[in-house]
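Below is data-v3.pdb, which holds PDB, N, CA and C atoms.
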ATOM      1  N   ASP O   1      89.692-162.706  76.147
ATOM      2  CA  ASP O   1      88.885-163.517  77.050
ATOM      3  C   ASP O   1      88.283-162.672  78.180
ATOM      4  N   ILE O   2      89.050-161.696  78.663
ATOM      5  CA  ILE O   2      88.568-160.847  79.751
ATOM      6  C   ILE O   2      87.366-160.026  79.290
ATOM      7  N   GLY O   3      87.506-159.368  78.144
ATOM      8  CA  GLY O   3      86.407-158.556  77.618
ATOM      9  C   GLY O   3      85.181-159.382  77.304
ATOM     10  N   GLU O   4      85.387-160.557  76.766
ATOM     11  CA  GLU O   4      84.265-161.432  76.422
ATOM     12  C   GLU O   4      83.531-161.899  77.676
ATOM     13  N   ALA O   5      84.264-162.210  78.737
ATOM     14  CA  ALA O   5      83.630-162.628  79.991
ATOM     15  C   ALA O   5      82.769-161.506  80.562
ATOM     16  N   ALA O   6      83.277-160.292  80.553
ATOM     17  CA  ALA O   6      82.504-159.158  81.065
ATOM     18  C   ALA O   6      81.304-158.880  80.173
ATOM     19  N   ARG O   7      81.517-158.892  78.849
ATOM     20  CA  ARG O   7      80.454-158.581  77.899
ATOM     21  C   ARG O   7      79.304-159.573  77.996
ATOM     22  N   THR O   8      79.614-160.869  77.954
ATOM     23  CA  THR O   8      78.545-161.870  77.996
ATOM     24  C   THR O   8      77.867-161.898  79.362
ATOM     25  N   GLY O   9      78.636-161.725  80.422
ATOM     26  CA  GLY O   9      78.046-161.714  81.758
ATOM     27  C   GLY O   9      77.044-160.597  81.933
ATOM     28  N   LEU O  10      77.374-159.413  81.415
ATOM     29  CA  LEU O  10      76.472-158.269  81.549
ATOM     30  C   LEU O  10      75.403-158.235  80.463
ATOM     31  N   GLY O  11      75.464-159.197  79.527
ATOM     32  CA  GLY O  11      74.442-159.266  78.484
ATOM     33  C   GLY O  11      74.540-158.166  77.450
ATOM     34  N   LEU O  12      75.755-157.735  77.128
ATOM     35  CA  LEU O  12      75.949-156.659  76.158
ATOM     36  C   LEU O  12      76.108-157.226  74.748
ATOM     37  N   PRO O  13      75.746-156.445  73.732
ATOM     38  CA  PRO O  13      75.941-156.885  72.348
ATOM     39  C   PRO O  13      77.432-157.051  72.038
ATOM     40  N   PRO O  14      77.759-157.866  71.029
ATOM     41  CA  PRO O  14      79.164-158.152  70.700
ATOM     42  C   PRO O  14      80.018-156.922  70.413
ATOM     43  N   ASP O  15      79.426-155.855  69.896
ATOM     44  CA  ASP O  15      80.224-154.677  69.550
ATOM     45  C   ASP O  15      80.424-153.713  70.726
ATOM     46  N   LEU O  16      79.859-154.018  71.874
ATOM     47  CA  LEU O  16      80.010-153.155  73.047
ATOM     48  C   LEU O  16      80.978-153.775  74.042
ATOM     49  N   ARG O  17      82.265-153.552  73.784
ATOM     50  CA  ARG O  17      83.258-154.124  74.697
ATOM     51  C   ARG O  17      84.555-153.368  74.500
ATOM     52  N   SER O  18      85.106-152.909  75.576
ATOM     53  CA  SER O  18      86.433-152.304  75.564
ATOM     54  C   SER O  18      87.180-152.817  76.776
ATOM     55  N   VAL O  19      88.433-153.125  76.575
ATOM     56  CA  VAL O  19      89.256-153.609  77.680
ATOM     57  C   VAL O  19      90.490-152.733  77.743
ATOM     58  N   TYR O  20      90.755-152.219  78.912
ATOM     59  CA  TYR O  20      91.930-151.393  79.134
ATOM     60  C   TYR O  20      92.630-151.951  80.358
ATOM     61  N   LEU O  21      93.769-152.559  80.164
ATOM     62  CA  LEU O  21      94.500-153.168  81.265
ATOM     63  C   LEU O  21      95.593-152.224  81.740
ATOM     64  N   VAL O  22      95.632-151.982  83.025
ATOM     65  CA  VAL O  22      96.613-151.079  83.609
ATOM     66  C   VAL O  22      97.389-151.833  84.681
ATOM     67  N   PRO O  23      98.594-152.264  84.372
ATOM     68  CA  PRO O  23      99.396-152.922  85.408
ATOM     69  C   PRO O  23      99.897-151.893  86.416
ATOM     70  N   LEU O  24      99.829-152.253  87.667
ATOM     71  CA  LEU O  24     100.313-151.366  88.712
ATOM     72  C   LEU O  24     101.702-151.805  89.137
ATOM     73  N   PRO O  25     102.648-150.878  89.184
ATOM     74  CA  PRO O  25     103.998-151.240  89.644
ATOM     75  C   PRO O  25     103.948-151.754  91.087
ATOM     76  N   ALA O  26     104.750-152.743  91.369
ATOM     77  CA  ALA O  26     104.757-153.359  92.703
ATOM     78  C   ALA O  26     104.943-152.330  93.812
ATOM     79  N   GLU O  27     105.742-151.284  93.552
ATOM     80  CA  GLU O  27     105.980-150.283  94.594
ATOM     81  C   GLU O  27     104.737-149.434  94.906
ATOM     82  N   ASN O  28     103.710-149.532  94.068
ATOM     83  CA  ASN O  28     102.471-148.778  94.294
ATOM     84  C   ASN O  28     101.351-149.641  94.857
ATOM     85  N   THR O  29     101.679-150.850  95.275
ATOM     86  CA  THR O  29     100.651-151.749  95.789
ATOM     87  C   THR O  29     101.027-152.244  97.181
ATOM     88  N   THR O  30     100.040-152.779  97.871
ATOM     89  CA  THR O  30     100.256-153.382  99.174
ATOM     90  C   THR O  30     100.844-154.771  98.993
ATOM     91  N   VAL O  31     101.797-155.127  99.821
ATOM     92  CA  VAL O  31     102.402-156.456  99.752
ATOM     93  C   VAL O  31     101.337-157.501 100.080
ATOM     94  N   LYS O  32     101.251-158.532  99.243
ATOM     95  CA  LYS O  32     100.256-159.580  99.428
ATOM     96  C   LYS O  32     100.923-160.936  99.247
ATOM     97  N   ASP O  33     100.300-161.954  99.791
ATOM     98  CA  ASP O  33     100.720-163.320  99.514
ATOM     99  C   ASP O  33     100.051-163.728  98.208
ATOM    100  N   GLY O  34     100.825-164.123  97.214
ATOM    101  CA  GLY O  34     100.254-164.525  95.940
ATOM    102  C   GLY O  34      99.931-163.328  95.071
ATOM    103  N   TYR O  35      98.921-163.497  94.238
ATOM    104  CA  TYR O  35      98.546-162.474  93.268
ATOM    105  C   TYR O  35      97.152-161.951  93.572
ATOM    106  N   GLU O  36      96.931-160.681  93.274
ATOM    107  CA  GLU O  36      95.600-160.100  93.359
ATOM    108  C   GLU O  36      95.351-159.338  92.075
ATOM    109  N   ILE O  37      94.227-159.623  91.439
ATOM    110  CA  ILE O  37      93.838-158.948  90.210
ATOM    111  C   ILE O  37      92.520-158.248  90.475
ATOM    112  N   THR O  38      92.480-156.944  90.200
ATOM    113  CA  THR O  38      91.267-156.163  90.405
ATOM    114  C   THR O  38      90.744-155.688  89.059
ATOM    115  N   PHE O  39      89.483-155.980  88.801
ATOM    116  CA  PHE O  39      88.800-155.504  87.600
ATOM    117  C   PHE O  39      87.806-154.439  88.012
ATOM    118  N   VAL O  40      87.748-153.358  87.252
ATOM    119  CA  VAL O  40      86.712-152.351  87.430
ATOM    120  C   VAL O  40      85.885-152.349  86.152
ATOM    121  N   LEU O  41      84.615-152.732  86.269
ATOM    122  CA  LEU O  41      83.704-152.757  85.127
ATOM    123  C   LEU O  41      82.845-151.508  85.175
ATOM    124  N   TYR O  42      82.919-150.723  84.126
ATOM    125  CA  TYR O  42      82.065-149.539  84.010
ATOM    126  C   TYR O  42      80.871-149.908  83.143
ATOM    127  N   SER O  43      79.678-149.596  83.620
ATOM    128  CA  SER O  43      78.477-149.966  82.898
ATOM    129  C   SER O  43      77.362-148.978  83.193
ATOM    130  N   ALA O  44      76.465-148.834  82.232
ATOM    131  CA  ALA O  44      75.254-148.063  82.486
ATOM    132  C   ALA O  44      74.413-148.820  83.508
ATOM    133  N   PRO O  45      73.597-148.119  84.271
ATOM    134  CA  PRO O  45      72.760-148.797  85.269
ATOM    135  C   PRO O  45      71.708-149.676  84.604
ATOM    136  N   GLY O  46      71.121-150.548  85.391
ATOM    137  CA  GLY O  46      70.021-151.370  84.907
ATOM    138  C   GLY O  46      70.365-152.833  84.737
ATOM    139  N   LYS O  47      71.605-153.212  85.009
ATOM    140  CA  LYS O  47      71.961-154.629  84.918
ATOM    141  C   LYS O  47      71.348-155.357  86.110
ATOM    142  N   THR O  48      70.902-156.571  85.860
ATOM    143  CA  THR O  48      70.305-157.352  86.943
ATOM    144  C   THR O  48      71.403-157.911  87.846
ATOM    145  N   ILE O  49      71.011-158.328  89.009
ATOM    146  CA  ILE O  49      71.968-158.950  89.930
ATOM    147  C   ILE O  49      72.532-160.226  89.314
ATOM    148  N   ASP O  50      71.717-160.961  88.547
ATOM    149  CA  ASP O  50      72.213-162.170  87.890
ATOM    150  C   ASP O  50      73.242-161.844  86.807
ATOM    151  N   GLN O  51      73.060-160.752  86.077
ATOM    152  CA  GLN O  51      74.053-160.341  85.084
ATOM    153  C   GLN O  51      75.366-159.977  85.770
ATOM    154  N   LYS O  52      75.277-159.282  86.879
ATOM    155  CA  LYS O  52      76.484-158.907  87.619
ATOM    156  C   LYS O  52      77.189-160.156  88.157
ATOM    157  N   ARG O  53      76.426-161.097  88.681
ATOM    158  CA  ARG O  53      77.016-162.358  89.156
ATOM    159  C   ARG O  53      77.732-163.083  88.015
ATOM    160  N   ALA O  54      77.087-163.123  86.836
ATOM    161  CA  ALA O  54      77.662-163.826  85.691
ATOM    162  C   ALA O  54      78.966-163.166  85.243
ATOM    163  N   ALA O  55      79.013-161.838  85.241
ATOM    164  CA  ALA O  55      80.239-161.140  84.851
ATOM    165  C   ALA O  55      81.356-161.424  85.845
ATOM    166  N   ILE O  56      81.044-161.379  87.125
ATOM    167  CA  ILE O  56      82.044-161.642  88.159
ATOM    168  C   ILE O  56      82.545-163.081  88.061
ATOM    169  N   LYS O  57      81.635-164.019  87.880
ATOM    170  CA  LYS O  57      82.030-165.429  87.747
ATOM    171  C   LYS O  57      82.873-165.635  86.491
ATOM    172  N   GLY O  58      82.477-165.026  85.388
ATOM    173  CA  GLY O  58      83.223-165.176  84.145
ATOM    174  C   GLY O  58      84.640-164.646  84.244
ATOM    175  N   LEU O  59      84.812-163.485  84.858
ATOM    176  CA  LEU O  59      86.153-162.926  85.031
ATOM    177  C   LEU O  59      86.992-163.814  85.943
ATOM    178  N   ASP O  60      86.388-164.311  86.994
ATOM    179  CA  ASP O  60      87.106-165.206  87.904
ATOM    180  C   ASP O  60      87.571-166.466  87.163
ATOM    181  N   GLU O  61      86.701-167.022  86.335
ATOM    182  CA  GLU O  61      87.047-168.235  85.590
ATOM    183  C   GLU O  61      88.183-167.985  84.598
ATOM    184  N   VAL O  62      88.168-166.824  83.939
ATOM    185  CA  VAL O  62      89.252-166.498  82.997
ATOM    186  C   VAL O  62      90.584-166.453  83.733
ATOM    187  N   VAL O  63      90.610-165.782  84.867
ATOM    188  CA  VAL O  63      91.857-165.659  85.630
ATOM    189  C   VAL O  63      92.322-167.024  86.122
ATOM    190  N   ARG O  64      91.409-167.806  86.660
ATOM    191  CA  ARG O  64      91.783-169.098  87.240
ATOM    192  C   ARG O  64      92.127-170.155  86.191
ATOM    193  N   SER O  65      91.818-169.882  84.933
ATOM    194  CA  SER O  65      92.165-170.832  83.874
ATOM    195  C   SER O  65      93.640-170.717  83.481
ATOM    196  N   ARG O  66      94.327-169.735  84.020
ATOM    197  CA  ARG O  66      95.745-169.518  83.720
ATOM    198  C   ARG O  66      96.611-170.161  84.797
ATOM    199  N   GLU O  67      97.859-170.386  84.467
ATOM    200  CA  GLU O  67      98.828-170.935  85.425
ATOM    201  C   GLU O  67      99.360-169.813  86.317
ATOM    202  N   TRP O  68      99.402-170.046  87.613
ATOM    203  CA  TRP O  68      99.918-169.078  88.576
ATOM    204  C   TRP O  68     100.934-169.770  89.471
ATOM    205  N   ASP O  69     101.888-169.003  89.966
ATOM    206  CA  ASP O  69     102.916-169.550  90.854
ATOM    207  C   ASP O  69     102.450-169.635  92.304
ATOM    208  N   GLY O  70     101.257-169.214  92.582
ATOM    209  CA  GLY O  70     100.754-169.216  93.949
ATOM    210  C   GLY O  70      99.282-168.860  93.945
ATOM    211  N   PRO O  71      98.759-168.557  95.125
ATOM    212  CA  PRO O  71      97.334-168.231  95.217
ATOM    213  C   PRO O  71      97.014-166.939  94.462
ATOM    214  N   VAL O  72      95.793-166.853  93.973
ATOM    215  CA  VAL O  72      95.347-165.660  93.260
ATOM    216  C   VAL O  72      93.980-165.245  93.811
ATOM    217  N   LYS O  73      93.840-163.943  94.002
ATOM    218  CA  LYS O  73      92.587-163.366  94.483
ATOM    219  C   LYS O  73      92.046-162.482  93.373
ATOM    220  N   VAL O  74      90.760-162.656  93.022
ATOM    221  CA  VAL O  74      90.141-161.880  91.954
ATOM    222  C   VAL O  74      89.087-160.968  92.574
ATOM    223  N   VAL O  75      89.255-159.666  92.369
ATOM    224  CA  VAL O  75      88.328-158.666  92.880
ATOM    225  C   VAL O  75      87.659-158.002  91.677
ATOM    226  N   VAL O  76      86.328-157.880  91.703
ATOM    227  CA  VAL O  76      85.595-157.212  90.626
ATOM    228  C   VAL O  76      84.752-156.107  91.250
ATOM    229  N   ILE O  77      84.920-154.906  90.736
ATOM    230  CA  ILE O  77      84.140-153.753  91.181
ATOM    231  C   ILE O  77      83.320-153.277  89.988
ATOM    232  N   ILE O  78      82.012-153.203  90.150
ATOM    233  CA  ILE O  78      81.141-152.731  89.078
ATOM    234  C   ILE O  78      80.750-151.288  89.391
ATOM    235  N   LYS O  79      81.120-150.397  88.475
ATOM    236  CA  LYS O  79      80.825-148.970  88.629
ATOM    237  C   LYS O  79      79.750-148.610  87.612
ATOM    238  N   GLU O  80      78.569-148.289  88.094
ATOM    239  CA  GLU O  80      77.497-147.883  87.195
ATOM    240  C   GLU O  80      77.522-146.369  87.024
ATOM    241  N   HIS O  81      77.288-145.940  85.816
ATOM    242  CA  HIS O  81      77.301-144.510  85.526
ATOM    243  C   HIS O  81      76.012-144.111  84.819
ATOM    244  N   ASP O  82      75.332-143.149  85.385
ATOM    245  CA  ASP O  82      74.100-142.634  84.791
ATOM    246  C   ASP O  82      74.424-141.789  83.566
ATOM    247  N   PRO O  83      73.510-141.719  82.587
ATOM    248  CA  PRO O  83      73.760-140.962  81.358
ATOM    249  C   PRO O  83      74.062-139.477  81.598
ATOM    250  N   GLU O  84      73.566-138.929  82.705
ATOM    251  CA  GLU O  84      73.850-137.513  82.972
ATOM    252  C   GLU O  84      75.254-137.296  83.530
ATOM    253  N   ASN O  85      76.007-138.395  83.710
ATOM    254  CA  ASN O  85      77.371-138.297  84.224
ATOM    255  C   ASN O  85      78.425-138.741  83.221
ATOM    256  N   VAL O  86      78.029-138.901  81.948
ATOM    257  CA  VAL O  86      78.963-139.370  80.923
ATOM    258  C   VAL O  86      78.809-138.516  79.675
ATOM    259  N   GLY O  87      79.929-138.120  79.107
ATOM    260  CA  GLY O  87      79.919-137.406  77.834
ATOM    261  C   GLY O  87      80.735-138.165  76.811
ATOM    262  N   VAL O  88      80.282-138.159  75.562
ATOM    263  CA  VAL O  88      80.989-138.807  74.462
ATOM    264  C   VAL O  88      81.085-137.818  73.321
ATOM    265  N   ASP O  89      82.295-137.574  72.849
ATOM    266  CA  ASP O  89      82.526-136.646  71.735
ATOM    267  C   ASP O  89      81.898-135.279  71.989
ATOM    268  N   GLY O  90      82.022-134.796  73.215
ATOM    269  CA  GLY O  90      81.545-133.461  73.548
ATOM    270  C   GLY O  90      80.057-133.349  73.817
ATOM    271  N   VAL O  91      79.364-134.484  73.857
ATOM    272  CA  VAL O  91      77.914-134.471  74.068
ATOM    273  C   VAL O  91      77.580-135.320  75.290
ATOM    274  N   LEU O  92      76.772-134.755  76.169
ATOM    275  CA  LEU O  92      76.308-135.484  77.345
ATOM    276  C   LEU O  92      75.418-136.639  76.880
ATOM    277  N   ARG O  93      75.675-137.848  77.372
ATOM    278  CA  ARG O  93      74.864-139.008  76.972
ATOM    279  C   ARG O  93      73.389-138.778  77.238
ATOM    280  N   TRP O  94      73.059-138.074  78.285
ATOM    281  CA  TRP O  94      71.662-137.766  78.603
ATOM    282  C   TRP O  94      70.985-137.095  77.416
ATOM    283  N   ASP O  95      71.704-136.166  76.761
ATOM    284  CA  ASP O  95      71.132-135.421  75.650
ATOM    285  C   ASP O  95      70.876-136.305  74.421
ATOM    286  N   THR O  96      71.676-137.342  74.241
ATOM    287  CA  THR O  96      71.441-138.230  73.096
ATOM    288  C   THR O  96      70.263-139.160  73.359
ATOM    289  N   LEU O  97      69.999-139.446  74.619
ATOM    290  CA  LEU O  97      68.882-140.319  74.970
ATOM    291  C   LEU O  97      67.578-139.563  75.151
ATOM    292  N   ASN O  98      67.689-138.251  75.408
ATOM    293  CA  ASN O  98      66.514-137.405  75.667
ATOM    294  C   ASN O  98      66.595-136.149  74.813
ATOM    295  N   PRO O  99      66.463-136.285  73.495
ATOM    296  CA  PRO O  99      66.573-135.095  72.653
ATOM    297  C   PRO O  99      65.458-134.094  72.957
ATOM    298  N   ALA O 100      65.797-132.843  72.841
ATOM    299  CA  ALA O 100      64.823-131.758  73.166
ATOM    300  C   ALA O 100      63.731-131.673  72.137
TER     301      ALA O 100
END
Could you rewrite the structure in this file as structure tokens?
Amino acid sequence: DIGEAARTGLGLPPDLRSVYLVPLPAENTTVKDGYEITFVLYSAPGKTIDQKRAAIKGLDEVVRSREWDGPVKVVVIIKEHDPENVGVDGVLRWDTLNPA
């Protein structure tokens, strides 16, 4: 549900979705009242503000559809990465988009 909310919100094709959940041990976090869930969405640039809003709303809805023992805060950070800053299988993404 988490991956689908991010994927549809950002308008990505069905095969472009990866979800990696990393729980943080309580001793490595700040004490809070209730729960806080932080999502970091990595995406290529060019998404519209409406796509970003939809992804944030979708993730919030997924979290809030679950049962919680107290208040929950949902934080979404969108990290855009330019093709010249990403490599896949030893090749800079820029080079695959701009062949010589």
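Among the candidates O:Asp60, O:Asp82, O:Asp33, O:Asp95, the one nearest to Pro45 of chain O when counting all atoms listed in the file is O:Asp82.
Every residue of chain O found in strand (DSSP E) when DSSP is run on the backbone appears here: O:Tyr35, O:Glu36, O:Ile37, O:Thr38, O:Phe39, O:Val40, O:Leu41, O:Tyr42, O:Ser43, O:Val72, O:Lys73, O:Val74, O:Val75, O:Val76, O:Ile77, O:Ile78, O:Lys79, O:Glu80, O:Gly87, O:Val88, O:Val91, O:Leu92.
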Build an axis-aligned box that encloses every atom of segment 35-49 of chain O listed in the file, pad it by 8 Å on each side, and report its centre and edge lengths in Å to one decimal, as JSON.
{"center_x": 84.5, "center_y": -155.8, "center_z": 88.2, "size_x": 44.9, "size_y": 31.4, "size_z": 28.0}
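Separating atom CA of Ile77 of chain O from atom CA of Asp50 of chain O is a distance of 15.0 Å.
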Between atom CA of Ala44 of chain O and atom CA of Leu92 of chain O, measure the distance and give it in Å to one decimal.
-> 13.6 Å
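The residues returned by the PyMOL selection byres ((chain O and resi 79) around 6) on the shown structure are Val40, Leu41, Tyr42, Ser43, Ile77, Ile78, Glu80 and His81 of chain O.
Across the structure, atom CA of Arg7 of chain O and atom CA of Leu59 of chain O are spaced 10.1 Å apart.
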Selection result for the PyMOL selection byres ((chain O and resi 70-73) around 7) on this file, as a count of residues only = 11
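Counting only N, CA and C atoms and comparing O:Leu97, O:Asp89, O:Gly58, O:Gly46, the residue that lies closest to Asp1 of chain O is O:Gly58.
With distances restricted to only N, CA and C atoms, O:Ala55 is the closest residue to Thr8 of chain O from O:Val63, O:Val86, O:Ala55, O:Pro25.
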Residue set, chain O restricted to helix (DSSP H, G or I), as a PyMOL selection string | chain O and resi 2-10+26-28+49-64+83-85+93-97
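Once the PyMOL selection byres (((chain O and resi 2 and name CA) around 8) and name CA) is applied to the shown structure, the selection contains O:Asp1, O:Gly3, O:Glu4, O:Ala5, O:Ala6, O:Val19, O:Leu59, O:Val62.
Each of O:Ser65, O:Lys47, O:Thr96, O:Thr29 was compared to Gly11 of chain O using only N, CA and C atoms, and O:Lys47 turns out to be the nearest.
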